[in-house]
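Student: For reference, this is work_6.csv, and it has CSV, N, CA and C atoms and all ligand atoms.
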chain,number,residue,atom,x,y,z
F,1,MET,N,16.6,-32.1,87.3
F,1,MET,CA,17.3,-32.9,86.3
F,1,MET,C,18.0,-32.0,85.3
F,2,SER,N,19.3,-32.3,85.0
F,2,SER,CA,20.0,-31.5,84.1
F,2,SER,C,19.8,-32.1,82.7
F,3,ASN,N,20.2,-31.3,81.7
F,3,ASN,CA,20.0,-31.7,80.3
F,3,ASN,C,21.0,-32.9,80.0
F,4,ASN,N,20.6,-33.7,79.1
F,4,ASN,CA,21.5,-34.7,78.5
F,4,ASN,C,22.3,-34.1,77.4
F,5,LYS,N,23.5,-34.6,77.3
F,5,LYS,CA,24.3,-34.2,76.1
F,5,LYS,C,24.4,-35.4,75.2
F,6,LEU,N,24.1,-35.2,73.9
F,6,LEU,CA,24.2,-36.2,73.0
F,6,LEU,C,25.1,-35.9,71.8
F,7,THR,N,25.6,-36.9,71.1
F,7,THR,CA,26.3,-36.7,69.9
F,7,THR,C,25.4,-37.2,68.8
F,8,ILE,N,25.1,-36.4,67.8
F,8,ILE,CA,24.3,-36.8,66.7
F,8,ILE,C,25.1,-36.9,65.4
F,9,ILE,N,25.0,-38.0,64.7
F,9,ILE,CA,25.7,-38.2,63.4
F,9,ILE,C,24.6,-37.9,62.4
F,10,ASP,N,24.8,-36.9,61.5
F,10,ASP,CA,23.8,-36.6,60.5
F,10,ASP,C,24.0,-37.5,59.3
F,11,ARG,N,23.1,-37.3,58.3
F,11,ARG,CA,23.1,-38.2,57.1
F,11,ARG,C,24.4,-38.0,56.2
F,12,LYS,N,25.1,-37.0,56.5
F,12,LYS,CA,26.4,-36.8,55.7
F,12,LYS,C,27.6,-37.3,56.5
F,13,GLY,N,27.3,-37.8,57.7
F,13,GLY,CA,28.4,-38.4,58.6
F,13,GLY,C,29.0,-37.3,59.5
F,14,SER,N,28.5,-36.1,59.5
F,14,SER,CA,29.0,-35.0,60.4
F,14,SER,C,28.4,-35.2,61.8
F,15,SER,N,29.2,-34.8,62.8
F,15,SER,CA,28.7,-35.0,64.1
F,15,SER,C,28.3,-33.6,64.7
F,16,HIS,N,27.3,-33.6,65.6
F,16,HIS,CA,26.8,-32.4,66.2
F,16,HIS,C,26.6,-32.7,67.7
F,17,GLU,N,27.0,-31.8,68.5
F,17,GLU,CA,26.7,-31.9,70.0
F,17,GLU,C,25.3,-31.3,70.2
F,18,LEU,N,24.5,-32.0,71.0
F,18,LEU,CA,23.1,-31.5,71.2
F,18,LEU,C,22.8,-31.6,72.7
F,19,GLU,N,22.0,-30.6,73.2
F,19,GLU,CA,21.4,-30.7,74.6
F,19,GLU,C,20.0,-31.1,74.5
F,20,TRP,N,19.7,-32.2,75.3
F,20,TRP,CA,18.3,-32.7,75.3
F,20,TRP,C,17.7,-32.3,76.7
F,21,GLU,N,16.6,-31.6,76.6
F,21,GLU,CA,16.0,-31.1,77.8
F,21,GLU,C,15.0,-32.1,78.3
F,22,PRO,N,14.9,-32.2,79.7
F,22,PRO,CA,14.1,-33.3,80.3
F,22,PRO,C,12.6,-33.3,79.8
F,23,ASP,N,12.0,-32.2,79.4
F,23,ASP,CA,10.6,-32.3,79.0
F,23,ASP,C,10.4,-32.5,77.5
F,24,GLN,N,11.5,-32.9,76.8
F,24,GLN,CA,11.4,-33.2,75.4
F,24,GLN,C,11.5,-34.7,75.1
F,25,THR,N,10.8,-35.2,74.0
F,25,THR,CA,11.2,-36.5,73.5
F,25,THR,C,12.5,-36.3,72.7
F,26,LEU,N,13.1,-37.4,72.3
F,26,LEU,CA,14.3,-37.2,71.5
F,26,LEU,C,14.0,-36.6,70.2
F,27,MET,N,12.9,-36.9,69.6
F,27,MET,CA,12.5,-36.3,68.3
F,27,MET,C,12.5,-34.7,68.5
F,28,GLU,N,11.9,-34.3,69.6
F,28,GLU,CA,11.7,-32.8,69.8
F,28,GLU,C,13.1,-32.2,70.0
F,29,ALA,N,14.0,-32.9,70.7
F,29,ALA,CA,15.3,-32.3,70.8
F,29,ALA,C,16.1,-32.2,69.5
F,30,LEU,N,15.9,-33.2,68.7
F,30,LEU,CA,16.5,-33.2,67.3
F,30,LEU,C,16.0,-32.0,66.5
F,31,ARG,N,14.6,-32.0,66.5
F,31,ARG,CA,14.0,-31.0,65.6
F,31,ARG,C,14.3,-29.5,66.2
F,32,ASP,N,14.3,-29.3,67.5
F,32,ASP,CA,14.5,-28.0,68.0
F,32,ASP,C,16.0,-27.6,67.8
F,33,ASN,N,16.8,-28.5,67.5
F,33,ASN,CA,18.2,-28.2,67.3
F,33,ASN,C,18.5,-28.2,65.8
F,34,ASP,N,17.5,-28.0,65.0
F,34,ASP,CA,17.6,-27.9,63.5
F,34,ASP,C,18.2,-29.1,62.8
F,35,LEU,N,18.1,-30.2,63.4
F,35,LEU,CA,18.5,-31.4,62.6
F,35,LEU,C,17.4,-31.8,61.7
F,36,PRO,N,17.8,-32.4,60.5
F,36,PRO,CA,16.8,-32.6,59.5
F,36,PRO,C,15.9,-33.8,59.8
F,37,VAL,N,15.1,-33.7,60.8
F,37,VAL,CA,14.1,-34.7,61.2
F,37,VAL,C,12.7,-34.2,60.9
F,38,LEU,N,12.1,-34.7,59.9
F,38,LEU,CA,10.8,-34.2,59.4
F,38,LEU,C,9.7,-34.3,60.4
F,39,ALA,N,9.6,-35.4,61.1
F,39,ALA,CA,8.6,-35.7,62.1
F,39,ALA,C,7.2,-35.3,61.6
F,40,SER,N,6.9,-35.8,60.4
F,40,SER,CA,5.7,-35.3,59.8
F,40,SER,C,4.4,-35.7,60.5
F,41,CYS,N,4.4,-36.7,61.3
F,41,CYS,CA,3.2,-37.0,62.1
F,41,CYS,C,3.1,-36.3,63.4
F,42,GLY,N,4.1,-35.6,63.7
F,42,GLY,CA,4.1,-34.8,65.0
F,42,GLY,C,4.4,-35.6,66.2
F,43,GLY,N,4.8,-36.9,66.0
F,43,GLY,CA,5.2,-37.7,67.2
F,43,GLY,C,4.2,-38.7,67.6
F,44,THR,N,3.4,-39.1,66.7
F,44,THR,CA,2.3,-40.1,67.0
F,44,THR,C,2.7,-41.5,66.5
F,45,ALA,N,3.9,-41.8,66.2
F,45,ALA,CA,4.4,-43.1,65.8
F,45,ALA,C,3.6,-43.6,64.5
F,46,SER,N,3.5,-42.6,63.6
F,46,SER,CA,2.8,-43.1,62.3
F,46,SER,C,3.5,-42.6,61.0
F,47,CYS,N,4.7,-42.1,61.1
F,47,CYS,CA,5.3,-41.6,59.9
F,47,CYS,C,6.7,-42.2,59.6
F,48,ALA,N,7.4,-42.5,60.7
F,48,ALA,CA,8.8,-43.1,60.6
F,48,ALA,C,9.9,-42.1,60.1
F,49,THR,N,9.5,-40.8,59.9
F,49,THR,CA,10.5,-39.9,59.5
F,49,THR,C,11.4,-39.4,60.6
F,50,CYS,N,11.2,-39.9,61.8
F,50,CYS,CA,12.1,-39.6,63.0
F,50,CYS,C,12.9,-40.8,63.3
F,51,HIS,N,13.1,-41.7,62.4
F,51,HIS,CA,13.9,-42.9,62.6
F,51,HIS,C,15.3,-42.6,62.9
F,52,VAL,N,15.8,-43.2,64.0
F,52,VAL,CA,17.3,-43.1,64.3
F,52,VAL,C,17.9,-44.4,64.7
F,53,PHE,N,19.2,-44.5,64.7
F,53,PHE,CA,19.9,-45.7,65.1
F,53,PHE,C,20.6,-45.4,66.4
F,54,LEU,N,20.5,-46.3,67.3
F,54,LEU,CA,21.2,-46.2,68.6
F,54,LEU,C,22.3,-47.3,68.6
F,55,GLU,N,23.3,-47.1,69.4
F,55,GLU,CA,24.3,-48.1,69.5
F,55,GLU,C,23.7,-49.3,70.2
F,56,LYS,N,24.2,-50.5,69.8
F,56,LYS,CA,23.5,-51.8,70.3
F,56,LYS,C,23.5,-51.8,71.8
F,57,GLU,N,24.6,-51.4,72.5
F,57,GLU,CA,24.6,-51.5,74.0
F,57,GLU,C,23.5,-50.6,74.6
F,58,VAL,N,23.3,-49.4,73.9
F,58,VAL,CA,22.3,-48.5,74.4
F,58,VAL,C,20.9,-49.0,74.1
F,59,PHE,N,20.7,-49.5,72.9
F,59,PHE,CA,19.4,-50.0,72.5
F,59,PHE,C,18.9,-51.1,73.4
F,60,GLU,N,19.8,-51.9,73.9
F,60,GLU,CA,19.5,-53.0,74.7
F,60,GLU,C,19.0,-52.6,76.1
F,61,THR,N,19.4,-51.4,76.5
F,61,THR,CA,19.0,-51.0,77.9
F,61,THR,C,17.6,-50.4,77.9
F,62,LEU,N,17.0,-50.1,76.7
F,62,LEU,CA,15.7,-49.5,76.6
F,62,LEU,C,14.5,-50.4,76.7
F,63,ASN,N,13.4,-49.9,77.0
F,63,ASN,CA,12.1,-50.7,76.9
F,63,ASN,C,11.9,-51.2,75.5
F,64,GLU,N,11.2,-52.3,75.4
F,64,GLU,CA,10.9,-52.8,74.0
F,64,GLU,C,10.1,-51.8,73.2
F,65,ARG,N,10.2,-51.9,71.9
F,65,ARG,CA,9.4,-51.1,71.0
F,65,ARG,C,8.0,-51.6,71.1
F,66,SER,N,7.0,-50.6,71.0
F,66,SER,CA,5.6,-51.0,70.9
F,66,SER,C,5.4,-51.7,69.6
F,67,GLU,N,4.2,-52.3,69.5
F,67,GLU,CA,3.9,-53.0,68.2
F,67,GLU,C,3.8,-52.0,67.1
F,68,ASP,N,3.2,-50.8,67.3
F,68,ASP,CA,3.1,-49.8,66.3
F,68,ASP,C,4.4,-49.3,65.8
F,69,GLU,N,5.3,-49.1,66.8
F,69,GLU,CA,6.7,-48.6,66.5
F,69,GLU,C,7.4,-49.7,65.7
F,70,PHE,N,7.3,-50.9,66.1
F,70,PHE,CA,8.0,-52.0,65.4
F,70,PHE,C,7.5,-52.1,64.0
F,71,GLU,N,6.2,-52.1,63.8
F,71,GLU,CA,5.7,-52.3,62.5
F,71,GLU,C,6.1,-51.2,61.5
F,72,LEU,N,6.2,-50.0,62.0
F,72,LEU,CA,6.7,-48.9,61.1
F,72,LEU,C,8.2,-49.1,60.8
F,73,LEU,N,8.9,-49.5,61.8
F,73,LEU,CA,10.4,-49.6,61.6
F,73,LEU,C,10.8,-50.7,60.7
F,74,VAL,N,10.2,-51.8,60.8
F,74,VAL,CA,10.6,-53.0,59.9
F,74,VAL,C,10.6,-52.6,58.5
F,75,ASP,N,9.7,-51.8,58.1
F,75,ASP,CA,9.6,-51.4,56.7
F,75,ASP,C,10.4,-50.1,56.3
F,76,ALA,N,11.1,-49.6,57.3
F,76,ALA,CA,11.8,-48.3,57.1
F,76,ALA,C,13.1,-48.5,56.5
F,77,GLU,N,13.6,-47.5,55.8
F,77,GLU,CA,14.9,-47.5,55.1
F,77,GLU,C,16.0,-47.9,56.1
F,78,GLY,N,16.8,-48.9,55.9
F,78,GLY,CA,17.9,-49.2,56.7
F,78,GLY,C,17.6,-49.8,58.1
F,79,TYR,N,16.5,-50.4,58.2
F,79,TYR,CA,16.0,-50.9,59.5
F,79,TYR,C,17.1,-51.8,60.2
F,80,GLN,N,17.4,-51.6,61.4
F,80,GLN,CA,18.3,-52.4,62.2
F,80,GLN,C,17.6,-53.0,63.4
F,81,GLU,N,17.7,-54.3,63.4
F,81,GLU,CA,17.0,-55.1,64.5
F,81,GLU,C,17.4,-54.6,65.9
F,82,CYS,N,18.7,-54.4,66.0
F,82,CYS,CA,19.3,-53.9,67.3
F,82,CYS,C,19.8,-52.5,67.2
F,83,GLY,N,18.9,-51.6,66.9
F,83,GLY,CA,19.4,-50.2,66.8
F,83,GLY,C,18.3,-49.2,66.4
F,84,SER,N,17.3,-49.7,65.6
F,84,SER,CA,16.3,-48.7,65.1
F,84,SER,C,15.3,-48.4,66.2
F,85,ARG,N,15.1,-47.1,66.3
F,85,ARG,CA,14.0,-46.6,67.1
F,85,ARG,C,13.3,-45.4,66.5
F,86,LEU,N,12.1,-45.1,66.8
F,86,LEU,CA,11.4,-43.9,66.4
F,86,LEU,C,11.8,-42.9,67.5
F,87,SER,N,12.5,-41.8,67.2
F,87,SER,CA,12.9,-40.9,68.3
F,87,SER,C,11.7,-40.2,69.0
F,88,CYS,N,10.6,-40.2,68.3
F,88,CYS,CA,9.4,-39.6,69.0
F,88,CYS,C,8.9,-40.5,70.2
F,89,GLN,N,9.3,-41.7,70.1
F,89,GLN,CA,8.8,-42.6,71.2
F,89,GLN,C,9.9,-42.8,72.3
F,90,LEU,N,10.9,-42.0,72.2
F,90,LEU,CA,11.9,-42.1,73.3
F,90,LEU,C,11.8,-40.9,74.2
F,91,GLY,N,11.4,-41.1,75.4
F,91,GLY,CA,11.3,-40.0,76.4
F,91,GLY,C,12.7,-39.8,77.0
F,92,PHE,N,12.9,-38.7,77.7
F,92,PHE,CA,14.1,-38.4,78.3
F,92,PHE,C,14.4,-39.4,79.4
F,93,SER,N,15.6,-39.8,79.4
F,93,SER,CA,16.0,-40.6,80.6
F,93,SER,C,17.5,-40.4,80.8
F,94,GLU,N,17.9,-40.5,82.1
F,94,GLU,CA,19.3,-40.2,82.4
F,94,GLU,C,20.2,-41.3,81.8
F,95,GLU,N,19.7,-42.4,81.5
F,95,GLU,CA,20.5,-43.5,80.9
F,95,GLU,C,21.0,-43.1,79.5
F,96,LEU,N,20.2,-42.2,78.9
F,96,LEU,CA,20.5,-41.7,77.5
F,96,LEU,C,21.4,-40.5,77.5
F,97,ASN,N,22.1,-40.2,78.6
F,97,ASN,CA,23.1,-39.1,78.6
F,97,ASN,C,24.4,-39.6,78.0
F,98,GLY,N,25.0,-38.8,77.1
F,98,GLY,CA,26.3,-39.0,76.5
F,98,GLY,C,26.3,-40.0,75.4
F,99,VAL,N,25.1,-40.4,74.9
F,99,VAL,CA,25.1,-41.5,73.9
F,99,VAL,C,25.2,-40.8,72.5
F,100,THR,N,25.5,-41.7,71.5
F,100,THR,CA,25.6,-41.3,70.1
F,100,THR,C,24.3,-41.7,69.4
F,101,VAL,N,23.7,-40.9,68.6
F,101,VAL,CA,22.5,-41.2,67.9
F,101,VAL,C,22.8,-40.9,66.4
F,102,THR,N,22.4,-41.8,65.6
F,102,THR,CA,22.7,-41.6,64.1
F,102,THR,C,21.3,-41.4,63.4
F,103,LEU,N,21.2,-40.4,62.6
F,103,LEU,CA,20.0,-40.2,61.8
F,103,LEU,C,19.9,-41.3,60.7
F,104,ALA,N,18.7,-41.9,60.6
F,104,ALA,CA,18.5,-43.0,59.6
F,104,ALA,C,18.3,-42.3,58.2
F,105,PRO,N,18.5,-43.0,57.1
F,105,PRO,CA,18.3,-42.4,55.8
F,105,PRO,C,16.9,-41.8,55.7
F,106,GLU,N,16.7,-40.9,54.8
F,106,GLU,CA,15.4,-40.3,54.6
F,106,GLU,C,14.5,-41.3,54.0
F,107,GLU,N,13.2,-41.3,54.4
F,107,GLU,CA,12.2,-42.1,53.8
F,107,GLU,C,11.9,-41.7,52.4
L,1,LIG,S1,7.4,-38.3,64.3
L,1,LIG,FE1,6.3,-39.6,63.1
L,1,LIG,S2,6.8,-41.5,63.8
L,1,LIG,FE2,8.0,-40.2,65.0
What does this structure look like when you write it as structure tokens?

Tutor:
Amino acid sequence: MSNNKLTIIDRKGSSHELEWEPDQTLMEALRDNDLPVLASCGGTASCATCHVFLEKEVFETLNERSEDEFELLVDAEGYQECGSRLSCQLGFSEELNGVTVTLAPEE
């Protein structure tokens, strides 16, 4: 499997190209590319500091959020019903190649 290429929009509105390797979650790809994602719980769906927004069309192709993920997100800054995900809960998939991911406001 080859790497995915993503466009990341940071909290200042600047865009960054990023390579996502197949053995990483999206959160790990963001963190390893020095994007400001705190990921303070280390990827266990309990902090919401890895919150990102996906485009609606992309969001709709993914599996539903787990109850834990959903409960954290609904209280998170800027929550979007059709867009918010915890990036630590997103595993690599080829469907997520070429997509744009926007970092949510800081908690
Ligand atoms: S890293 Fe904490 S919820 Fe994703």

Student: So, with all atoms listed in the file as the atoms that count, which of F:Ile8, F:Val101, F:Leu35, F:Cys47 lies closest to ligand LIG 1 (chain L)?

Tutor: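 Of F:Ile8, F:Val101, F:Leu35, F:Cys47, the one nearest ligand LIG 1 (chain L), counting all atoms listed in the file, is F:Cys47.
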
Student: Identify all residues of chain F in strand (DSSP E) (DSSP on the backbone) and supply them as a PyMOL selection string.

Tutor: chain F and resi 4-9+15-20+51-54+84-86+100-103

Student: Since we have the selection now, will you write its residues out, keeping N, CA and C atoms, as a PDB file, in the coordinates of the input?

Tutor:
ATOM      1  N   ASN F   4      20.600 -33.700  79.100  1.00  0.00           N
ATOM      2  CA  ASN F   4      21.500 -34.700  78.500  1.00  0.00           C
ATOM      3  C   ASN F   4      22.300 -34.100  77.400  1.00  0.00           C
ATOM      4  N   LYS F   5      23.500 -34.600  77.300  1.00  0.00           N
ATOM      5  CA  LYS F   5      24.300 -34.200  76.100  1.00  0.00           C
ATOM      6  C   LYS F   5      24.400 -35.400  75.200  1.00  0.00           C
ATOM      7  N   LEU F   6      24.100 -35.200  73.900  1.00  0.00           N
ATOM      8  CA  LEU F   6      24.200 -36.200  73.000  1.00  0.00           C
ATOM      9  C   LEU F   6      25.100 -35.900  71.800  1.00  0.00           C
ATOM     10  N   THR F   7      25.600 -36.900  71.100  1.00  0.00           N
ATOM     11  CA  THR F   7      26.300 -36.700  69.900  1.00  0.00           C
ATOM     12  C   THR F   7      25.400 -37.200  68.800  1.00  0.00           C
ATOM     13  N   ILE F   8      25.100 -36.400  67.800  1.00  0.00           N
ATOM     14  CA  ILE F   8      24.300 -36.800  66.700  1.00  0.00           C
ATOM     15  C   ILE F   8      25.100 -36.900  65.400  1.00  0.00           C
ATOM     16  N   ILE F   9      25.000 -38.000  64.700  1.00  0.00           N
ATOM     17  CA  ILE F   9      25.700 -38.200  63.400  1.00  0.00           C
ATOM     18  C   ILE F   9      24.600 -37.900  62.400  1.00  0.00           C
ATOM     19  N   SER F  15      29.200 -34.800  62.800  1.00  0.00           N
ATOM     20  CA  SER F  15      28.700 -35.000  64.100  1.00  0.00           C
ATOM     21  C   SER F  15      28.300 -33.600  64.700  1.00  0.00           C
ATOM     22  N   HIS F  16      27.300 -33.600  65.600  1.00  0.00           N
ATOM     23  CA  HIS F  16      26.800 -32.400  66.200  1.00  0.00           C
ATOM     24  C   HIS F  16      26.600 -32.700  67.700  1.00  0.00           C
ATOM     25  N   GLU F  17      27.000 -31.800  68.500  1.00  0.00           N
ATOM     26  CA  GLU F  17      26.700 -31.900  70.000  1.00  0.00           C
ATOM     27  C   GLU F  17      25.300 -31.300  70.200  1.00  0.00           C
ATOM     28  N   LEU F  18      24.500 -32.000  71.000  1.00  0.00           N
ATOM     29  CA  LEU F  18      23.100 -31.500  71.200  1.00  0.00           C
ATOM     30  C   LEU F  18      22.800 -31.600  72.700  1.00  0.00           C
ATOM     31  N   GLU F  19      22.000 -30.600  73.200  1.00  0.00           N
ATOM     32  CA  GLU F  19      21.400 -30.700  74.600  1.00  0.00           C
ATOM     33  C   GLU F  19      20.000 -31.100  74.500  1.00  0.00           C
ATOM     34  N   TRP F  20      19.700 -32.200  75.300  1.00  0.00           N
ATOM     35  CA  TRP F  20      18.300 -32.700  75.300  1.00  0.00           C
ATOM     36  C   TRP F  20      17.700 -32.300  76.700  1.00  0.00           C
ATOM     37  N   HIS F  51      13.100 -41.700  62.400  1.00  0.00           N
ATOM     38  CA  HIS F  51      13.900 -42.900  62.600  1.00  0.00           C
ATOM     39  C   HIS F  51      15.300 -42.600  62.900  1.00  0.00           C
ATOM     40  N   VAL F  52      15.800 -43.200  64.000  1.00  0.00           N
ATOM     41  CA  VAL F  52      17.300 -43.100  64.300  1.00  0.00           C
ATOM     42  C   VAL F  52      17.900 -44.400  64.700  1.00  0.00           C
ATOM     43  N   PHE F  53      19.200 -44.500  64.700  1.00  0.00           N
ATOM     44  CA  PHE F  53      19.900 -45.700  65.100  1.00  0.00           C
ATOM     45  C   PHE F  53      20.600 -45.400  66.400  1.00  0.00           C
ATOM     46  N   LEU F  54      20.500 -46.300  67.300  1.00  0.00           N
ATOM     47  CA  LEU F  54      21.200 -46.200  68.600  1.00  0.00           C
ATOM     48  C   LEU F  54      22.300 -47.300  68.600  1.00  0.00           C
ATOM     49  N   SER F  84      17.300 -49.700  65.600  1.00  0.00           N
ATOM     50  CA  SER F  84      16.300 -48.700  65.100  1.00  0.00           C
ATOM     51  C   SER F  84      15.300 -48.400  66.200  1.00  0.00           C
ATOM     52  N   ARG F  85      15.100 -47.100  66.300  1.00  0.00           N
ATOM     53  CA  ARG F  85      14.000 -46.600  67.100  1.00  0.00           C
ATOM     54  C   ARG F  85      13.300 -45.400  66.500  1.00  0.00           C
ATOM     55  N   LEU F  86      12.100 -45.100  66.800  1.00  0.00           N
ATOM     56  CA  LEU F  86      11.400 -43.900  66.400  1.00  0.00           C
ATOM     57  C   LEU F  86      11.800 -42.900  67.500  1.00  0.00           C
ATOM     58  N   THR F 100      25.500 -41.700  71.500  1.00  0.00           N
ATOM     59  CA  THR F 100      25.600 -41.300  70.100  1.00  0.00           C
ATOM     60  C   THR F 100      24.300 -41.700  69.400  1.00  0.00           C
ATOM     61  N   VAL F 101      23.700 -40.900  68.600  1.00  0.00           N
ATOM     62  CA  VAL F 101      22.500 -41.200  67.900  1.00  0.00           C
ATOM     63  C   VAL F 101      22.800 -40.900  66.400  1.00  0.00           C
ATOM     64  N   THR F 102      22.400 -41.800  65.600  1.00  0.00           N
ATOM     65  CA  THR F 102      22.700 -41.600  64.100  1.00  0.00           C
ATOM     66  C   THR F 102      21.300 -41.400  63.400  1.00  0.00           C
ATOM     67  N   LEU F 103      21.200 -40.400  62.600  1.00  0.00           N
ATOM     68  CA  LEU F 103      20.000 -40.200  61.800  1.00  0.00           C
ATOM     69  C   LEU F 103      19.900 -41.300  60.700  1.00  0.00           C
TER      70      LEU F 103
END

Student: Let me have all residues with an atom within 6.5 Å of ligand LIG 1 (chain L), counting only N, CA and C atoms and all ligand atoms, laid out as a short mmCIF file (atom, residue, chain, number, x, y, z; two decimals) with N, CA and C atoms, keeping the file's coordinate frame.

Tutor:
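Dumped everything to part-v2.cif:
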data_model
loop_
_atom_site.label_atom_id
_atom_site.label_comp_id
_atom_site.auth_asym_id
_atom_site.auth_seq_id
_atom_site.Cartn_x
_atom_site.Cartn_y
_atom_site.Cartn_z
N LEU F 38 12.10 -34.70 59.90
CA LEU F 38 10.80 -34.20 59.40
C LEU F 38 9.70 -34.30 60.40
N ALA F 39 9.60 -35.40 61.10
CA ALA F 39 8.60 -35.70 62.10
C ALA F 39 7.20 -35.30 61.60
N SER F 40 6.90 -35.80 60.40
CA SER F 40 5.70 -35.30 59.80
C SER F 40 4.40 -35.70 60.50
N CYS F 41 4.40 -36.70 61.30
CA CYS F 41 3.20 -37.00 62.10
C CYS F 41 3.10 -36.30 63.40
N GLY F 42 4.10 -35.60 63.70
CA GLY F 42 4.10 -34.80 65.00
C GLY F 42 4.40 -35.60 66.20
N GLY F 43 4.80 -36.90 66.00
CA GLY F 43 5.20 -37.70 67.20
C GLY F 43 4.20 -38.70 67.60
N THR F 44 3.40 -39.10 66.70
CA THR F 44 2.30 -40.10 67.00
C THR F 44 2.70 -41.50 66.50
N ALA F 45 3.90 -41.80 66.20
CA ALA F 45 4.40 -43.10 65.80
C ALA F 45 3.60 -43.60 64.50
N SER F 46 3.50 -42.60 63.60
CA SER F 46 2.80 -43.10 62.30
C SER F 46 3.50 -42.60 61.00
N CYS F 47 4.70 -42.10 61.10
CA CYS F 47 5.30 -41.60 59.90
C CYS F 47 6.70 -42.20 59.60
N ALA F 48 7.40 -42.50 60.70
CA ALA F 48 8.80 -43.10 60.60
C ALA F 48 9.90 -42.10 60.10
N THR F 49 9.50 -40.80 59.90
CA THR F 49 10.50 -39.90 59.50
C THR F 49 11.40 -39.40 60.60
N CYS F 50 11.20 -39.90 61.80
CA CYS F 50 12.10 -39.60 63.00
C CYS F 50 12.90 -40.80 63.30
N HIS F 51 13.10 -41.70 62.40
CA HIS F 51 13.90 -42.90 62.60
C HIS F 51 15.30 -42.60 62.90
N LEU F 86 12.10 -45.10 66.80
CA LEU F 86 11.40 -43.90 66.40
C LEU F 86 11.80 -42.90 67.50
N SER F 87 12.50 -41.80 67.20
CA SER F 87 12.90 -40.90 68.30
C SER F 87 11.70 -40.20 69.00
N CYS F 88 10.60 -40.20 68.30
CA CYS F 88 9.40 -39.60 69.00
C CYS F 88 8.90 -40.50 70.20
N GLN F 89 9.30 -41.70 70.10
CA GLN F 89 8.80 -42.60 71.20
C GLN F 89 9.90 -42.80 72.30
#

Student: Which residue is closest to F:Arg85? Choose from F:Glu55, F:Glu17, F:Asp34, F:Glu106 and count only C-alpha atoms.

Tutor: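 Looking at the shortest contact to F:Arg85, the residue is F:Glu55.
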
Student: Show which residues sit within 8 Å of F:Gly78, as a list in words. Count all atoms listed in the file, and ignore same-chain residues fewer than 4 positions away.

Tutor: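 Listing them by chain and then by number gives Leu73, Val74, Ser84, Ala104 and Pro105 of chain F.
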
Student: Restricting the calculation to all atoms listed in the file: of F:Phe59, F:Pro36, F:Tyr79, F:Pro22, which residue gets closest to F:Asp10?

Tutor: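 Of all the options, F:Pro36 lies closest to F:Asp10.
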
Student: Looking at all atoms listed in the file, which of F:Asn33, F:Gly13, F:Ala76, F:Thr100 is the one that sits closest to F:Phe53?

Tutor: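 Among the listed residues, F:Thr100 lies closest to F:Phe53.
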
Student: State, in Å with one decimal place, the distance from atom N of F:Thr61 to atom N of F:Thr7.

Tutor: 16.7 Å

Student: What is the atom CA of F:Ser66 to atom CA of F:Ser93 distance in Å?

Tutor: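 Taking atom CA of F:Ser66 and atom CA of F:Ser93, their separation equals 17.6 Å.
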